[in-house]
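Some notes on the structure that comes next.
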Amino acid sequence: MSYNATENSASRRIAMLLDEGSFVEIGGAVTARSTDFNLQTKDTPADGVITGYGVIDGNLVYVYSQDATVLKGSVGEMHAKKIANIYDMAMKMGAPVIGLVDCAGLRLQEATDALEAFGSLYFKQSMASGVIPQITGIFGMCGGGLAVVPGLTDFTFMESKEGKLFVNSPNALEGNIDSKCDTSSAEYQSKTAGLVDGIGDEADILGQIRVLVSMIPANNEDDLSYSECLDDLNRVCADIENAAEDTGIALAAISDSNIFFETKKEYAKDMVTGFIRLNGMTVGAVANRSKVYDAEGNVAEEFDKALSVDGCKKAIDFVNFCDAFSIPVLTLTNVTGFTATIESEKNMARAVARLTYTFANATVPKVNVIVGKAYGSAYVAMNSKSIGADMVYAWPSAEIGMMDASLAAKIMYADADADTLKEKAAEYKELQSSPVSAARRGYVDAIIEPADTRKYVIGAFEMLFTKREDRPDKKHGTV
């Protein structure tokens with residue numbers, strides 16, 4: 001059975017996602033084969049999932065879209081096998097897989113057959129990780145074991161009203177009901193859990209997926225993610241210094257035509273991650289953020305200039321994706337230390353260790369621009385020269401060193417009077433914390449005017465385009 005684009009929500013979503021008329025269905029005649037519990041008397045067209053391929057802006061993609069009108073979109077044996085088949089084809093062709101999820105869970109009537117087939121889907125996803133991009137859109141239910149599917153993919157988008165993502169239903173959590181805290185909601189999963197990259201209505205998230213596909217490589221070997229640059233490569237970013245604290249604005253300012261696709265936008269806002277374009281090339285960006293400005297230019301949220309556990313996790317996942325798909329990484333650094341709470345202390349050392357390892361382990365071109373303060377081991381972890389950054393630039397106003405000069409003076413001259421402390425702090429700042437001091441040691445490659453940031457980072461990445469870097473021969477690290 002073949003589907004018309006207007007027949008149901010599953011096919012409508014495919015039609016909205018892909019270039020018009022490009023979808024080709026595969027396995028449309030497949031139905032359930034189980035005969036238990038009179039399942040043979042039920043009509044299961046396409047076994048509840050439409051699978052096939054098409055193009056987005058001319059780029060080949062494979063798609064599966066679950067049909068909630070067939071046994072509530074539940075995953076049976078043939079349903080899972082159809083999705084697994086799409087993965088096999090995508091791996092051979094080197095093209096992304098996009099899953100449009102609307103599912104009641106595993107099909108109880110098929111028990112171990114469904115479970116076995118579903119497990120094989122996990123395996124396909126695991127094997128595809130780092131080979132082809134995987135994207136999930138959640139439009140209805142995505143619960144229980146199915147919640148692992150978006151966890152195994154690279155990017156997840158969620159419909160803000162009907163989408164439900166959970167391992168355990170909110171009502172199954174002791175002391176909770178969904179009216180108290182809806183842990184399955186798009187808001188919770190994007191802001192608190194950090195699994196979801198973007199939320200919105202159906203058209204919004206399908207549009208976001210289309211933009212994302214056009215910016216990232218099709219696979220880990222063939223990079224077709226370049227576009228023509230219509231922007232001036234030497235464009236002066238006049239007001240960028242004012243965006244040192246809201247680095248999302250700074251990243252948009254230096255990108256071609258101000259293109260910035262932010263990932264995990266609502267999660268750990270003290271760390272910004274996303275994709276920009278520099279001379280047509282997609283670059284992954286990671287930046288510390290201490291303020292968030294709203295559309296009117298007012299400060300909406302404010303954070304310490306500190307690495308948080310969630311911010312580290314966000315950056316780790318993003319840099320790992322970039323490294324797997326050979327996407328260069330740019331960092332904007334403005335950090336003074338670590339979040340200091342009892343709760344964060346549980347995981348802080350591990351999170352910073354993993355962030356450090358991730359930057360050090362990544363072999364893609366890495367450029368760091370110090371736009372504010374860069375203190376202590378928090379700075380070291382943020383793609384510093386010492387852990388492998390290829391090029392490090394600093395704005396003249398940057399401060400690089402162990403700690404704030406005033407605090408350092410108090411520690412070194414504990415018994416001194418106020419005037420002496422002021423004098424020693426100024427001396428410390430000049431000798432130990434200035435970008436000139438770091439540049440004299442070679443820890444900073446050049447001190448650049450903020451307005452020239454775009455010109456310098458484009459030049460750096462063009463120079464680094466042919467970078468090759470060997471690593472010790474090992475199976476993998478354990479951090």
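A note on labels: chains of the structure tokens are A, B, ... as shown, every chain counts residues from 1, and ligands are counted from 1 in their shown order.
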Report as a PyMOL selection string all protein, DNA and RNA residues lying within 12 Å of Asn368 in chain A, evaluated on only C-alpha atoms, omitting residues in the same chain fewer than 6 positions from it.
chain A and resi 284-288+328-334+359+374+379-395+443-447+453+456-457+460-461
Take the selection from the previous step and output its residues with C-alpha atoms, as a PDB file, in the first residue's frame.
```pdb
ATOM      1  CA  GLY A 284      31.018  23.985  15.120  1.00  0.00           C
ATOM      2  CA  ALA A 285      31.030  26.711  17.763  1.00  0.00           C
ATOM      3  CA  VAL A 286      31.328  26.364  21.551  1.00  0.00           C
ATOM      4  CA  ALA A 287      31.287  29.447  23.771  1.00  0.00           C
ATOM      5  CA  ASN A 288      30.971  30.456  27.409  1.00  0.00           C
ATOM      6  CA  PRO A 328      36.216  22.279  12.600  1.00  0.00           C
ATOM      7  CA  VAL A 329      35.631  23.728  16.081  1.00  0.00           C
ATOM      8  CA  LEU A 330      35.756  27.374  17.171  1.00  0.00           C
ATOM      9  CA  THR A 331      35.630  28.338  20.850  1.00  0.00           C
ATOM     10  CA  LEU A 332      34.968  31.746  22.411  1.00  0.00           C
ATOM     11  CA  THR A 333      36.371  31.682  25.928  1.00  0.00           C
ATOM     12  CA  ASN A 334      35.250  33.797  28.884  1.00  0.00           C
ATOM     13  CA  PHE A 359      38.954  18.896  23.270  1.00  0.00           C
ATOM     14  CA  ALA A 374      40.483  33.038  31.024  1.00  0.00           C
ATOM     15  CA  TYR A 379      40.435  28.102  30.946  1.00  0.00           C
ATOM     16  CA  VAL A 380      42.774  25.174  30.300  1.00  0.00           C
ATOM     17  CA  ALA A 381      39.731  22.918  29.760  1.00  0.00           C
ATOM     18  CA  MET A 382      38.172  25.351  27.263  1.00  0.00           C
ATOM     19  CA  ASN A 383      40.266  24.415  24.215  1.00  0.00           C
ATOM     20  CA  SER A 384      43.437  26.172  25.346  1.00  0.00           C
ATOM     21  CA  LYS A 385      46.741  25.927  23.478  1.00  0.00           C
ATOM     22  CA  SER A 386      48.027  23.514  26.151  1.00  0.00           C
ATOM     23  CA  ILE A 387      45.387  20.856  25.339  1.00  0.00           C
ATOM     24  CA  GLY A 388      45.645  21.111  21.589  1.00  0.00           C
ATOM     25  CA  ALA A 389      44.117  24.279  20.148  1.00  0.00           C
ATOM     26  CA  ASP A 390      45.853  24.954  16.822  1.00  0.00           C
ATOM     27  CA  MET A 391      45.440  28.726  16.946  1.00  0.00           C
ATOM     28  CA  VAL A 392      44.620  30.945  19.932  1.00  0.00           C
ATOM     29  CA  TYR A 393      43.662  34.598  19.581  1.00  0.00           C
ATOM     30  CA  ALA A 394      42.868  37.098  22.331  1.00  0.00           C
ATOM     31  CA  TRP A 395      41.096  40.438  22.357  1.00  0.00           C
ATOM     32  CA  TYR A 443      50.296  30.691  24.670  1.00  0.00           C
ATOM     33  CA  VAL A 444      48.399  33.208  22.520  1.00  0.00           C
ATOM     34  CA  ASP A 445      49.289  33.408  18.823  1.00  0.00           C
ATOM     35  CA  ALA A 446      48.033  36.937  18.210  1.00  0.00           C
ATOM     36  CA  ILE A 447      46.198  39.748  19.958  1.00  0.00           C
ATOM     37  CA  THR A 453      37.587  38.485  14.634  1.00  0.00           C
ATOM     38  CA  TYR A 456      41.183  36.131  11.587  1.00  0.00           C
ATOM     39  CA  VAL A 457      39.148  32.990  12.268  1.00  0.00           C
ATOM     40  CA  ALA A 460      42.942  30.330  10.545  1.00  0.00           C
ATOM     41  CA  PHE A 461      40.484  27.694   9.391  1.00  0.00           C
TER      42      PHE A 461
END
```
Per-residue nearest contacts range 197-316 of chain A to range 89-113 of chain A, cut-off 9 Å, using only C-alpha atoms, as a Markdown table:
```
| residue | atom | partner | partner_atom | distance |
| --- | --- | --- | --- | --- |
| A:Ile209 | CA | A:Ile98 | CA | 8.7 |
| A:Val213 | CA | A:Pro96 | CA | 8.0 |
| A:Pro217 | CA | A:Pro96 | CA | 8.7 |
| A:Ala218 | CA | A:Ala95 | CA | 5.0 |
| A:Asn219 | CA | A:Gly94 | CA | 5.2 |
| A:Asn220 | CA | A:Gly94 | CA | 8.0 |
| A:Glu221 | CA | A:Gly94 | CA | 8.3 |
| A:Asp222 | CA | A:Gly94 | CA | 8.0 |
```
Please save C-alpha atoms of the selected residues as a PDB file, in the first residue's frame.
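Wrote result_4.pdb, looks like this:
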```pdb
ATOM      1  CA  ILE A 209      15.526  19.759  10.645  1.00  0.00           C
ATOM      2  CA  VAL A 213      20.554  18.851   7.248  1.00  0.00           C
ATOM      3  CA  PRO A 217      27.955  16.597   6.333  1.00  0.00           C
ATOM      4  CA  ALA A 218      26.054  13.675   4.786  1.00  0.00           C
ATOM      5  CA  ASN A 219      28.461  11.191   6.398  1.00  0.00           C
ATOM      6  CA  ASN A 220      31.888  10.938   8.023  1.00  0.00           C
ATOM      7  CA  GLU A 221      33.810  10.833   4.728  1.00  0.00           C
ATOM      8  CA  ASP A 222      32.068  12.901   2.065  1.00  0.00           C
TER       9      ASP A 222
END
```
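By only C-alpha atoms, and with residues fewer than 5 positions from Gly144 in chain A along its chain excluded, the set lying at most 7 Å from it is Gly105, Phe166, Val167 and Asn168 of chain A.
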Quick one: residues within 6 Å of Cys142 in chain A, only C-alpha atoms counted, chain neighbours fewer than 4 positions away excluded, as a PyMOL selection string?
chain A and resi 103+146-147+164-165
Residue neighbourhood Met215 in chain A, 12 Å, only C-alpha atoms, exclusion window fewer than 2 positions, as number ranges by chain
A: 56-57, 59, 133, 208-213, 217-218, 223-227, 259-262, 274-278, 280-284, 322, 325, 327
Quick one: residues within 10 Å of Pro450 in chain A, only C-alpha atoms, excluding same-chain residues fewer than 5 positions away - as a ChimeraX atom specification?
/A:236-242,244,250,369,371,394-397,456
